[in-house]
Amino acid sequence: MTTSTVPVRRTSYLPLLAGAGFVVLWSCGFIGARWGTEYTNAFDLLAWRFLVAGAVGAIILAVRRPAISRVDLATQVWMAFLTQCVYLGLIFTGIDHGISAGVTALIGSLQPLLIATVAGPLLREAVSRRQWIGLVIGVAGVGLVVADDLHGSPLLFLLPFGGLLGLVIGTCLERRRKPSIGSLDALCLQSIVSGVFFIALATFTDQLTVPHEAGFYGAVVWLVLLATGGGWGLYLVNLRLSGATRISSLLYLVPPTTMVFAFLMFGETIGPLAVIGMLVCALAVLLIRLNATLRGWRNPGG
């Protein structure tokens with residue numbers, strides 16, 4: 001009896017805890033981008049972020065010495081390029097040019113709708129009618145959250161939209177190829193690849209600097225520990241635990257969570273419309289994930 005109950009609880013609650021942690025730590029990436037770009041440009045910030053993260057990743061891989069096939073290595077290189085170099089490069093550039101963290105998070109949270117569109121035929125992940133309703137409600141919810149913050153040149157918003165496409169393609173690639181290496185090793189490899197890319201890019205564009213403000217390095221540490229180690233690490237974990245559609249649905253909770261962080265750290269106010277939007281986002285995620293949660297309770301071992 002004892003051996004059968006332990007896996008039940010782990011199976012039931014692990015996706016929930018991993019999902020909650022992902023939302024909080026993924027939101028930290030947008031806050032770190034705003035914080036760091038107050039001191040320097042986006043490419044310089046990303047170069048320093050992945051210089052540190054890549055160095056830590058190299059040390060971990062040297063100690064662990066995992067067996068990595070050529071197919072898995074190629075998959076992780078492409079994952080790094082699409083989900084970190086393209087996605088983060090364009091997201092951070094947009095924030096650097098004045099798009100607020102909340103609006104950037106809003107555009108990123110449209111990923112579930114794109115994922116659901118291709119999840120069925122490409123990834124063979126069934127999307128139920130209830131999940132489709134939840135996806136549409138989620139779009140409405142994030143629209144309410146940042147409705148008063150949409151401003152600036154329309155062309156500027158192509159930057160985060162382009163980054164979003166990189167994240168979607170990379171997510172589908174990972175689910176399609178199903179790499180055999182663990183999430184930690186995958187994160188280390190991707191951090192090394194991203195470090196090489198952004199250092200080369202910042203150097204080539206003459207944007208690599210050595211900032212003297214302590215706040216800049218605080219932002220780098222924040223991004224490495226919370227966004228890279230926590231947010232991206234849990235993204236990979238959730239992707240394997242829950243599938244592309246359900247992990248993507250959690251992105252609906254990122255804009256309101258980002259606004260809470262912005263209020264606590266930068267004093268940005270949260271209006272009543274945003275509060276309503278947060279509740280709508282919570283309803284959307286509940287609808288999208290409800291079927292899986294009920295199945296987990298009724299059949300924890302399956």
# chains A, B, ... in the order shown; residues from 1 in each chain; ligands from 1
>>> select_by_dssp(residues="stretch 231-291 of chain A", states="alpha helix (DSSP H)", output="ChimeraX atom specification")
/A:233-242,244-249,254-266,272-291
>>> atom_distance(atom1="atom CA of A:Leu239", atom2="atom CA of A:Ser191")
17.8 Å
>>> closest_residue(among="A:Ile247, A:Val210, A:Val254, A:Val224", to="A:Arg175", atoms="only C-alpha atoms")
A:Ile247
>>> residues_around(residues="A:Gly277", least_positions_apart="3", cutoff="6 Å", atoms="only C-alpha atoms", output="VMD selection string")
chain A and resid 141 144 to 145 274 280
>>> write_last_selection(atoms="all heavy atoms", output="PDB file, in the first residue's frame")
ATOM      1  N   GLY A 141      -8.562  37.922 -21.743  1.00  0.00           N
ATOM      2  CA  GLY A 141      -8.073  38.301 -20.420  1.00  0.00           C
ATOM      3  C   GLY A 141      -6.793  39.106 -20.458  1.00  0.00           C
ATOM      4  O   GLY A 141      -6.674  40.149 -19.798  1.00  0.00           O
ATOM      5  N   LEU A 144      -7.390  42.635 -21.567  1.00  0.00           N
ATOM      6  CA  LEU A 144      -7.881  43.520 -20.509  1.00  0.00           C
ATOM      7  C   LEU A 144      -6.755  43.973 -19.586  1.00  0.00           C
ATOM      8  O   LEU A 144      -6.720  45.123 -19.142  1.00  0.00           O
ATOM      9  CB  LEU A 144      -8.960  42.796 -19.684  1.00  0.00           C
ATOM     10  CG  LEU A 144     -10.309  42.559 -20.368  1.00  0.00           C
ATOM     11  CD1 LEU A 144     -11.189  41.680 -19.486  1.00  0.00           C
ATOM     12  CD2 LEU A 144     -10.999  43.891 -20.654  1.00  0.00           C
ATOM     13  N   VAL A 145      -5.832  43.051 -19.313  1.00  0.00           N
ATOM     14  CA  VAL A 145      -4.754  43.358 -18.368  1.00  0.00           C
ATOM     15  C   VAL A 145      -3.931  44.553 -18.832  1.00  0.00           C
ATOM     16  O   VAL A 145      -3.537  45.412 -18.045  1.00  0.00           O
ATOM     17  CB  VAL A 145      -3.852  42.121 -18.165  1.00  0.00           C
ATOM     18  CG1 VAL A 145      -2.583  42.494 -17.407  1.00  0.00           C
ATOM     19  CG2 VAL A 145      -4.609  41.047 -17.397  1.00  0.00           C
ATOM     20  N   ALA A 274      -7.286  45.802 -15.098  1.00  0.00           N
ATOM     21  CA  ALA A 274      -6.255  44.772 -15.031  1.00  0.00           C
ATOM     22  C   ALA A 274      -6.629  43.674 -14.041  1.00  0.00           C
ATOM     23  O   ALA A 274      -6.356  42.489 -14.275  1.00  0.00           O
ATOM     24  CB  ALA A 274      -4.921  45.395 -14.626  1.00  0.00           C
ATOM     25  N   VAL A 280     -10.002  36.768 -15.426  1.00  0.00           N
ATOM     26  CA  VAL A 280     -10.344  36.113 -16.685  1.00  0.00           C
ATOM     27  C   VAL A 280      -9.233  35.151 -17.101  1.00  0.00           C
ATOM     28  O   VAL A 280      -9.490  34.031 -17.575  1.00  0.00           O
ATOM     29  CB  VAL A 280     -10.613  37.158 -17.785  1.00  0.00           C
ATOM     30  CG1 VAL A 280     -10.799  36.486 -19.141  1.00  0.00           C
ATOM     31  CG2 VAL A 280     -11.841  37.993 -17.435  1.00  0.00           C
TER      32      VAL A 280
END
>>> atom_distance(atom1="atom CA of A:Glu174", atom2="atom CA of A:Ser194")
16.8 Å
>>> closest_residue(among="A:Leu241, A:His97, A:Ala282, A:Leu106", to="A:Tyr13", atoms="only C-alpha atoms")
A:Leu241
>>> decode(residues="stretch 190-226 of chain A", atoms="N, CA and C atoms", output="PDB file, in the first residue's frame")
ATOM      1  N   GLN A 190      21.868  24.762 -24.061  1.00  0.00           N
ATOM      2  CA  GLN A 190      21.248  25.935 -24.668  1.00  0.00           C
ATOM      3  C   GLN A 190      21.873  27.227 -24.156  1.00  0.00           C
ATOM      4  N   SER A 191      22.253  27.262 -22.892  1.00  0.00           N
ATOM      5  CA  SER A 191      22.882  28.458 -22.330  1.00  0.00           C
ATOM      6  C   SER A 191      24.251  28.710 -22.959  1.00  0.00           C
ATOM      7  N   ILE A 192      24.989  27.641 -23.212  1.00  0.00           N
ATOM      8  CA  ILE A 192      26.305  27.783 -23.850  1.00  0.00           C
ATOM      9  C   ILE A 192      26.150  28.313 -25.270  1.00  0.00           C
ATOM     10  N   VAL A 193      25.234  27.714 -26.023  1.00  0.00           N
ATOM     11  CA  VAL A 193      24.992  28.157 -27.405  1.00  0.00           C
ATOM     12  C   VAL A 193      24.555  29.619 -27.418  1.00  0.00           C
ATOM     13  N   SER A 194      23.633  29.984 -26.532  1.00  0.00           N
ATOM     14  CA  SER A 194      23.140  31.364 -26.477  1.00  0.00           C
ATOM     15  C   SER A 194      24.243  32.331 -26.069  1.00  0.00           C
ATOM     16  N   GLY A 195      25.128  31.893 -25.172  1.00  0.00           N
ATOM     17  CA  GLY A 195      26.246  32.744 -24.768  1.00  0.00           C
ATOM     18  C   GLY A 195      27.157  33.071 -25.937  1.00  0.00           C
ATOM     19  N   VAL A 196      27.506  32.058 -26.712  1.00  0.00           N
ATOM     20  CA  VAL A 196      28.344  32.279 -27.899  1.00  0.00           C
ATOM     21  C   VAL A 196      27.646  33.215 -28.877  1.00  0.00           C
ATOM     22  N   PHE A 197      26.358  33.001 -29.098  1.00  0.00           N
ATOM     23  CA  PHE A 197      25.603  33.808 -30.059  1.00  0.00           C
ATOM     24  C   PHE A 197      25.549  35.268 -29.643  1.00  0.00           C
ATOM     25  N   PHE A 198      25.144  35.551 -28.399  1.00  0.00           N
ATOM     26  CA  PHE A 198      24.938  36.940 -27.991  1.00  0.00           C
ATOM     27  C   PHE A 198      26.255  37.690 -27.772  1.00  0.00           C
ATOM     28  N   ILE A 199      27.283  37.002 -27.326  1.00  0.00           N
ATOM     29  CA  ILE A 199      28.584  37.666 -27.200  1.00  0.00           C
ATOM     30  C   ILE A 199      29.100  38.059 -28.577  1.00  0.00           C
ATOM     31  N   ALA A 200      28.965  37.146 -29.550  1.00  0.00           N
ATOM     32  CA  ALA A 200      29.395  37.450 -30.914  1.00  0.00           C
ATOM     33  C   ALA A 200      28.556  38.577 -31.506  1.00  0.00           C
ATOM     34  N   LEU A 201      27.244  38.546 -31.259  1.00  0.00           N
ATOM     35  CA  LEU A 201      26.357  39.567 -31.818  1.00  0.00           C
ATOM     36  C   LEU A 201      26.642  40.931 -31.211  1.00  0.00           C
ATOM     37  N   ALA A 202      26.806  40.990 -29.894  1.00  0.00           N
ATOM     38  CA  ALA A 202      27.086  42.266 -29.234  1.00  0.00           C
ATOM     39  C   ALA A 202      28.448  42.816 -29.655  1.00  0.00           C
ATOM     40  N   THR A 203      29.420  41.931 -29.842  1.00  0.00           N
ATOM     41  CA  THR A 203      30.751  42.364 -30.278  1.00  0.00           C
ATOM     42  C   THR A 203      30.712  42.876 -31.715  1.00  0.00           C
ATOM     43  N   PHE A 204      30.032  42.141 -32.590  1.00  0.00           N
ATOM     44  CA  PHE A 204      29.964  42.507 -34.005  1.00  0.00           C
ATOM     45  C   PHE A 204      29.251  43.843 -34.201  1.00  0.00           C
ATOM     46  N   THR A 205      28.258  44.133 -33.371  1.00  0.00           N
ATOM     47  CA  THR A 205      27.485  45.377 -33.493  1.00  0.00           C
ATOM     48  C   THR A 205      28.035  46.499 -32.600  1.00  0.00           C
ATOM     49  N   ASP A 206      29.211  46.267 -32.013  1.00  0.00           N
ATOM     50  CA  ASP A 206      29.869  47.261 -31.147  1.00  0.00           C
ATOM     51  C   ASP A 206      28.984  47.678 -29.970  1.00  0.00           C
ATOM     52  N   GLN A 207      28.239  46.739 -29.416  1.00  0.00           N
ATOM     53  CA  GLN A 207      27.371  47.039 -28.279  1.00  0.00           C
ATOM     54  C   GLN A 207      27.801  46.323 -27.003  1.00  0.00           C
ATOM     55  N   LEU A 208      28.900  45.586 -27.055  1.00  0.00           N
ATOM     56  CA  LEU A 208      29.394  44.909 -25.864  1.00  0.00           C
ATOM     57  C   LEU A 208      30.181  45.888 -25.008  1.00  0.00           C
ATOM     58  N   THR A 209      29.774  46.070 -23.760  1.00  0.00           N
ATOM     59  CA  THR A 209      30.414  47.023 -22.860  1.00  0.00           C
ATOM     60  C   THR A 209      30.709  46.351 -21.518  1.00  0.00           C
ATOM     61  N   VAL A 210      31.350  47.108 -20.646  1.00  0.00           N
ATOM     62  CA  VAL A 210      31.573  46.676 -19.269  1.00  0.00           C
ATOM     63  C   VAL A 210      30.938  47.734 -18.365  1.00  0.00           C
ATOM     64  N   PRO A 211      29.646  47.613 -18.073  1.00  0.00           N
ATOM     65  CA  PRO A 211      28.953  48.607 -17.242  1.00  0.00           C
ATOM     66  C   PRO A 211      29.559  48.683 -15.837  1.00  0.00           C
ATOM     67  N   HIS A 212      29.488  49.864 -15.253  1.00  0.00           N
ATOM     68  CA  HIS A 212      30.063  50.078 -13.926  1.00  0.00           C
ATOM     69  C   HIS A 212      29.000  50.146 -12.830  1.00  0.00           C
ATOM     70  N   GLU A 213      27.732  50.201 -13.198  1.00  0.00           N
ATOM     71  CA  GLU A 213      26.676  50.310 -12.195  1.00  0.00           C
ATOM     72  C   GLU A 213      26.391  48.958 -11.552  1.00  0.00           C
ATOM     73  N   ALA A 214      26.297  48.960 -10.228  1.00  0.00           N
ATOM     74  CA  ALA A 214      26.016  47.716  -9.505  1.00  0.00           C
ATOM     75  C   ALA A 214      24.640  47.167  -9.867  1.00  0.00           C
ATOM     76  N   GLY A 215      23.696  48.068 -10.174  1.00  0.00           N
ATOM     77  CA  GLY A 215      22.351  47.628 -10.528  1.00  0.00           C
ATOM     78  C   GLY A 215      22.329  46.744 -11.766  1.00  0.00           C
ATOM     79  N   PHE A 216      23.224  47.008 -12.714  1.00  0.00           N
ATOM     80  CA  PHE A 216      23.281  46.195 -13.925  1.00  0.00           C
ATOM     81  C   PHE A 216      23.615  44.750 -13.580  1.00  0.00           C
ATOM     82  N   TYR A 217      24.600  44.556 -12.742  1.00  0.00           N
ATOM     83  CA  TYR A 217      25.005  43.203 -12.378  1.00  0.00           C
ATOM     84  C   TYR A 217      23.964  42.530 -11.480  1.00  0.00           C
ATOM     85  N   GLY A 218      23.211  43.333 -10.756  1.00  0.00           N
ATOM     86  CA  GLY A 218      22.085  42.780 -10.024  1.00  0.00           C
ATOM     87  C   GLY A 218      21.042  42.218 -10.967  1.00  0.00           C
ATOM     88  N   ALA A 219      20.796  42.941 -12.078  1.00  0.00           N
ATOM     89  CA  ALA A 219      19.852  42.462 -13.083  1.00  0.00           C
ATOM     90  C   ALA A 219      20.355  41.189 -13.758  1.00  0.00           C
ATOM     91  N   VAL A 220      21.666  41.114 -14.001  1.00  0.00           N
ATOM     92  CA  VAL A 220      22.250  39.922 -14.622  1.00  0.00           C
ATOM     93  C   VAL A 220      22.069  38.704 -13.715  1.00  0.00           C
ATOM     94  N   VAL A 221      22.367  38.877 -12.433  1.00  0.00           N
ATOM     95  CA  VAL A 221      22.200  37.772 -11.484  1.00  0.00           C
ATOM     96  C   VAL A 221      20.730  37.363 -11.405  1.00  0.00           C
ATOM     97  N   TRP A 222      19.837  38.357 -11.376  1.00  0.00           N
ATOM     98  CA  TRP A 222      18.398  38.091 -11.361  1.00  0.00           C
ATOM     99  C   TRP A 222      17.997  37.239 -12.563  1.00  0.00           C
ATOM    100  N   LEU A 223      18.471  37.624 -13.757  1.00  0.00           N
ATOM    101  CA  LEU A 223      18.108  36.916 -14.980  1.00  0.00           C
ATOM    102  C   LEU A 223      18.689  35.503 -15.023  1.00  0.00           C
ATOM    103  N   VAL A 224      19.926  35.351 -14.571  1.00  0.00           N
ATOM    104  CA  VAL A 224      20.564  34.035 -14.607  1.00  0.00           C
ATOM    105  C   VAL A 224      19.876  33.065 -13.646  1.00  0.00           C
ATOM    106  N   LEU A 225      19.681  33.513 -12.402  1.00  0.00           N
ATOM    107  CA  LEU A 225      19.135  32.611 -11.387  1.00  0.00           C
ATOM    108  C   LEU A 225      17.641  32.365 -11.572  1.00  0.00           C
ATOM    109  N   LEU A 226      16.869  33.445 -11.735  1.00  0.00           N
ATOM    110  CA  LEU A 226      15.418  33.312 -11.753  1.00  0.00           C
ATOM    111  C   LEU A 226      14.865  33.018 -13.146  1.00  0.00           C
TER     112      LEU A 226
END
